[in-house]
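Participant: If you scroll down you'll find the structure; I have some questions about it.
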Amino acid sequence: MTDAPGKISVRCNVNGEAVTLNAHPFARLLDVLREELRLTGTKEGCGEGECGACSVLVGGELVNSCLVPLAQVEGAEVMTVEGVADGDRLHAVQRAMIECGGAQCGICTPGMVLAAVSLLARNPAPTDADIREGLAGNLCRCTGYMKIFDAVLKAVDSTQ
Ligand code: FES
Ligand code: FES
């Protein structure tokens, strides 16, 4: 297939599905996910790598998708918040966020969920300090963080 001028085709896997994305090589992964794939769970906050609202997993690593050019995800596995639940079954982190009131306006919530999922994948029994460090790149203007930290602890308890 011939690419449109200035665009490239990038093959990758998003939430378990093989996809081919056509966009400028420096298009932000954030925009391609939201606009091409309509995966609008990934949010834009600052647009400059400071807030974590746009967090997704690429190859299992938490990244700020506002800083990732499309060309960088060729062949990669990408997970957005839409891929966290198993069908209708919410992830333990998602359930705990609801139960603890960890989401208010919701803008930070997808990124927080992915940061917590990433943390628990690396460290299934994090301490309070581990949780604070694991979520340190994700800002929340609403909750004061305690309910989010409680939610991660609750998710840990529910999976032990
Ligand atoms: S929108 Fe990407 S880090 Fe804030
Ligand atoms: S719930 Fe509003 S920014 Fe976190």
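Here's how to read the names in the structure tokens: chain A, B, ... by the order shown, residue numbers from 1 in each chain, ligand numbers from 1 in the order shown.
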Report the residues of stretch 124-155 of chain A whose backbone DSSP state falls under helix (DSSP H, G or I), written as a list in words.
Facilitator: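 Assigned to helix (DSSP H, G or I), within stretch 124-155 of chain A: Asp128, Ala129, Asp130, Ile131, Arg132, Glu133, Gly134, Met146, Lys147, Ile148, Phe149, Asp150, Ala151, Val152, Leu153, Lys154 and Ala155 of chain A.
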Participant: Excluding stretch 115-118 of chain A and its own-chain neighbours fewer than 5 positions away, which residues fall within 9 Å of it when counting only C-alpha atoms? Please give them as a PDB file with C-alpha atoms, in the first residue's frame.
Facilitator:
ATOM      1  CA  GLY A  52       0.506  11.385  33.312  1.00  0.00           C
ATOM      2  CA  SER A  55      -0.300   7.256  30.265  1.00  0.00           C
ATOM      3  CA  VAL A  56      -0.415   4.003  28.300  1.00  0.00           C
ATOM      4  CA  LEU A  57       1.705   0.882  28.402  1.00  0.00           C
ATOM      5  CA  GLY A  60       4.609  -3.243  29.352  1.00  0.00           C
ATOM      6  CA  GLU A  61       6.326   0.059  30.227  1.00  0.00           C
ATOM      7  CA  LEU A  62       4.336   3.045  31.425  1.00  0.00           C
ATOM      8  CA  VAL A  84      -7.327  -3.222  31.170  1.00  0.00           C
ATOM      9  CA  HIS A  91      -9.351  -5.289  36.835  1.00  0.00           C
ATOM     10  CA  ALA A  92      -8.900  -5.311  40.640  1.00  0.00           C
ATOM     11  CA  VAL A  93      -7.494  -1.766  40.398  1.00  0.00           C
ATOM     12  CA  PRO A 110      -7.153   6.195  33.121  1.00  0.00           C
ATOM     13  CA  ASN A 123       5.582  -5.471  42.369  1.00  0.00           C
ATOM     14  CA  ILE A 131       2.655   3.050  45.713  1.00  0.00           C
ATOM     15  CA  GLY A 134       4.734   4.220  41.389  1.00  0.00           C
ATOM     16  CA  LEU A 135       2.051   6.894  40.964  1.00  0.00           C
ATOM     17  CA  GLY A 137       4.244  10.708  37.622  1.00  0.00           C
ATOM     18  CA  ASN A 138       0.449  10.989  37.644  1.00  0.00           C
ATOM     19  CA  VAL A 152      -4.263   0.546  45.126  1.00  0.00           C
TER      20      VAL A 152
END
Participant: Run DSSP on the backbone of this structure and report the residues of stretch 12-116 of chain A it assigns to strand (DSSP E or B), as number ranges by chain.
Facilitator: A: 12-14, 17-23, 28, 55-58, 61-64, 69, 77-79, 86, 89
Participant: To check your reading of the model: which residues sit at most 9 Å from ligand 2 when counting only C-alpha atoms and all ligand atoms? Write the answer as a list of chain:residue names.
Facilitator: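 Within the 9 Å cut-off, the matching residues are A:Ala53, A:Gly102, A:Ala103, A:Gln104, A:Cys105, A:Gly106, A:Ile107, A:Cys108, A:Thr109, A:Met112, A:Asn138, A:Leu139, A:Cys140, A:Arg141, A:Cys142, A:Thr143, A:Gly144, A:Tyr145, A:Ile148.
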Participant: Taking only C-alpha atoms and all ligand atoms into account, report as a list in words which residues have an atom no farther than 9 Å from an atom of ligand 1.
Facilitator: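 Listing the residues within 9 Å of ligand 1 gives Leu30, Lys43, Glu44, Gly45, Cys46, Gly47, Glu48, Gly49, Glu50, Cys51, Gly52, Ala53, Cys54, Ser55, Val63, Asn64, Ser65, Cys66, Leu67, Gly137, Asn138 and Leu139 of chain A.
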Participant: So that I can check the surroundings of stretch 77-83 of chain A, please list as a PDB file with N, CA and C atoms, in the first residue's frame every protein, DNA and RNA residue that reaches within 9 Å of it, counting only C-alpha atoms and ignoring chain neighbours fewer than 3 positions away.
Facilitator:
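The result, written out as part.pdb:
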ATOM      1  N   CYS A  12       1.204  -2.371  14.736  1.00  0.00           N
ATOM      2  CA  CYS A  12       1.428  -2.671  16.152  1.00  0.00           C
ATOM      3  C   CYS A  12       0.202  -3.391  16.684  1.00  0.00           C
ATOM      4  N   ASN A  13       0.231  -3.664  17.968  1.00  0.00           N
ATOM      5  CA  ASN A  13      -0.868  -4.375  18.587  1.00  0.00           C
ATOM      6  C   ASN A  13      -1.426  -3.456  19.672  1.00  0.00           C
ATOM      7  N   VAL A  14      -2.717  -3.176  19.587  1.00  0.00           N
ATOM      8  CA  VAL A  14      -3.321  -2.295  20.593  1.00  0.00           C
ATOM      9  C   VAL A  14      -4.412  -3.073  21.316  1.00  0.00           C
ATOM     10  N   ASN A  15      -4.253  -3.227  22.603  1.00  0.00           N
ATOM     11  CA  ASN A  15      -5.233  -3.950  23.431  1.00  0.00           C
ATOM     12  C   ASN A  15      -5.537  -5.334  22.864  1.00  0.00           C
ATOM     13  N   GLY A  16      -4.477  -6.011  22.383  1.00  0.00           N
ATOM     14  CA  GLY A  16      -4.627  -7.386  21.916  1.00  0.00           C
ATOM     15  C   GLY A  16      -5.030  -7.522  20.465  1.00  0.00           C
ATOM     16  N   ALA A  18      -4.213  -6.631  16.398  1.00  0.00           N
ATOM     17  CA  ALA A  18      -3.239  -6.111  15.435  1.00  0.00           C
ATOM     18  C   ALA A  18      -3.886  -4.966  14.668  1.00  0.00           C
ATOM     19  N   LEU A  33      -4.134   7.335  18.961  1.00  0.00           N
ATOM     20  CA  LEU A  33      -5.046   6.462  19.717  1.00  0.00           C
ATOM     21  C   LEU A  33      -6.441   7.071  19.779  1.00  0.00           C
ATOM     22  N   LEU A  39      -9.981   5.566  20.727  1.00  0.00           N
ATOM     23  CA  LEU A  39      -9.761   5.115  22.107  1.00  0.00           C
ATOM     24  C   LEU A  39      -9.590   6.362  22.974  1.00  0.00           C
ATOM     25  N   THR A  40     -10.720   6.944  23.318  1.00  0.00           N
ATOM     26  CA  THR A  40     -10.692   8.260  23.970  1.00  0.00           C
ATOM     27  C   THR A  40     -10.538   8.169  25.490  1.00  0.00           C
ATOM     28  N   GLY A  41     -10.328   6.951  26.006  1.00  0.00           N
ATOM     29  CA  GLY A  41     -10.031   6.819  27.438  1.00  0.00           C
ATOM     30  C   GLY A  41      -8.717   7.479  27.784  1.00  0.00           C
ATOM     31  N   THR A  42      -7.780   7.506  26.875  1.00  0.00           N
ATOM     32  CA  THR A  42      -6.489   8.152  27.117  1.00  0.00           C
ATOM     33  C   THR A  42      -6.688   9.664  27.017  1.00  0.00           C
ATOM     34  N   SER A  55      -1.099   8.473  30.082  1.00  0.00           N
ATOM     35  CA  SER A  55      -0.300   7.256  30.265  1.00  0.00           C
ATOM     36  C   SER A  55      -0.903   6.056  29.537  1.00  0.00           C
ATOM     37  N   VAL A  56      -0.060   5.308  28.871  1.00  0.00           N
ATOM     38  CA  VAL A  56      -0.415   4.003  28.300  1.00  0.00           C
ATOM     39  C   VAL A  56       0.790   3.088  28.547  1.00  0.00           C
ATOM     40  N   LEU A  57       0.587   1.808  28.324  1.00  0.00           N
ATOM     41  CA  LEU A  57       1.705   0.882  28.402  1.00  0.00           C
ATOM     42  C   LEU A  57       2.191   0.569  26.990  1.00  0.00           C
ATOM     43  N   VAL A  58       3.477   0.666  26.772  1.00  0.00           N
ATOM     44  CA  VAL A  58       4.085   0.250  25.503  1.00  0.00           C
ATOM     45  C   VAL A  58       5.125  -0.803  25.851  1.00  0.00           C
ATOM     46  N   GLY A  59       4.897  -2.013  25.367  1.00  0.00           N
ATOM     47  CA  GLY A  59       5.788  -3.109  25.733  1.00  0.00           C
ATOM     48  C   GLY A  59       5.822  -3.309  27.242  1.00  0.00           C
ATOM     49  N   GLY A  60       4.704  -3.062  27.901  1.00  0.00           N
ATOM     50  CA  GLY A  60       4.609  -3.243  29.352  1.00  0.00           C
ATOM     51  C   GLY A  60       5.157  -2.085  30.164  1.00  0.00           C
ATOM     52  N   VAL A  73       6.342   3.109  17.863  1.00  0.00           N
ATOM     53  CA  VAL A  73       5.587   1.944  18.333  1.00  0.00           C
ATOM     54  C   VAL A  73       5.468   0.848  17.269  1.00  0.00           C
ATOM     55  N   GLU A  74       6.227   0.956  16.197  1.00  0.00           N
ATOM     56  CA  GLU A  74       6.229  -0.114  15.196  1.00  0.00           C
ATOM     57  C   GLU A  74       6.527  -1.448  15.888  1.00  0.00           C
ATOM     58  N   ASP A  86     -10.996  -7.358  31.603  1.00  0.00           N
ATOM     59  CA  ASP A  86     -11.073  -8.608  30.847  1.00  0.00           C
ATOM     60  C   ASP A  86     -12.534  -8.774  30.439  1.00  0.00           C
ATOM     61  N   GLY A  87     -12.891  -8.254  29.268  1.00  0.00           N
ATOM     62  CA  GLY A  87     -14.301  -8.246  28.867  1.00  0.00           C
ATOM     63  C   GLY A  87     -15.090  -7.389  29.849  1.00  0.00           C
ATOM     64  N   PRO A 110      -7.751   7.220  33.988  1.00  0.00           N
ATOM     65  CA  PRO A 110      -7.153   6.195  33.121  1.00  0.00           C
ATOM     66  C   PRO A 110      -5.644   6.060  33.332  1.00  0.00           C
ATOM     67  N   GLY A 111      -4.974   7.197  33.453  1.00  0.00           N
ATOM     68  CA  GLY A 111      -3.525   7.157  33.667  1.00  0.00           C
ATOM     69  C   GLY A 111      -3.180   6.558  35.017  1.00  0.00           C
ATOM     70  N   VAL A 113      -4.969   4.387  36.677  1.00  0.00           N
ATOM     71  CA  VAL A 113      -5.237   2.946  36.602  1.00  0.00           C
ATOM     72  C   VAL A 113      -4.063   2.238  35.915  1.00  0.00           C
ATOM     73  N   LEU A 114      -3.590   2.788  34.818  1.00  0.00           N
ATOM     74  CA  LEU A 114      -2.477   2.137  34.113  1.00  0.00           C
ATOM     75  C   LEU A 114      -1.193   2.190  34.924  1.00  0.00           C
TER      76      LEU A 114
END
Participant: Using only C-alpha atoms, can you tell me which of A:Arg132, A:Arg122, A:Lys7, A:His24 comes closest to A:Met146?
Facilitator: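 Among the listed residues, the smallest separation from A:Met146 belongs to A:Arg132.
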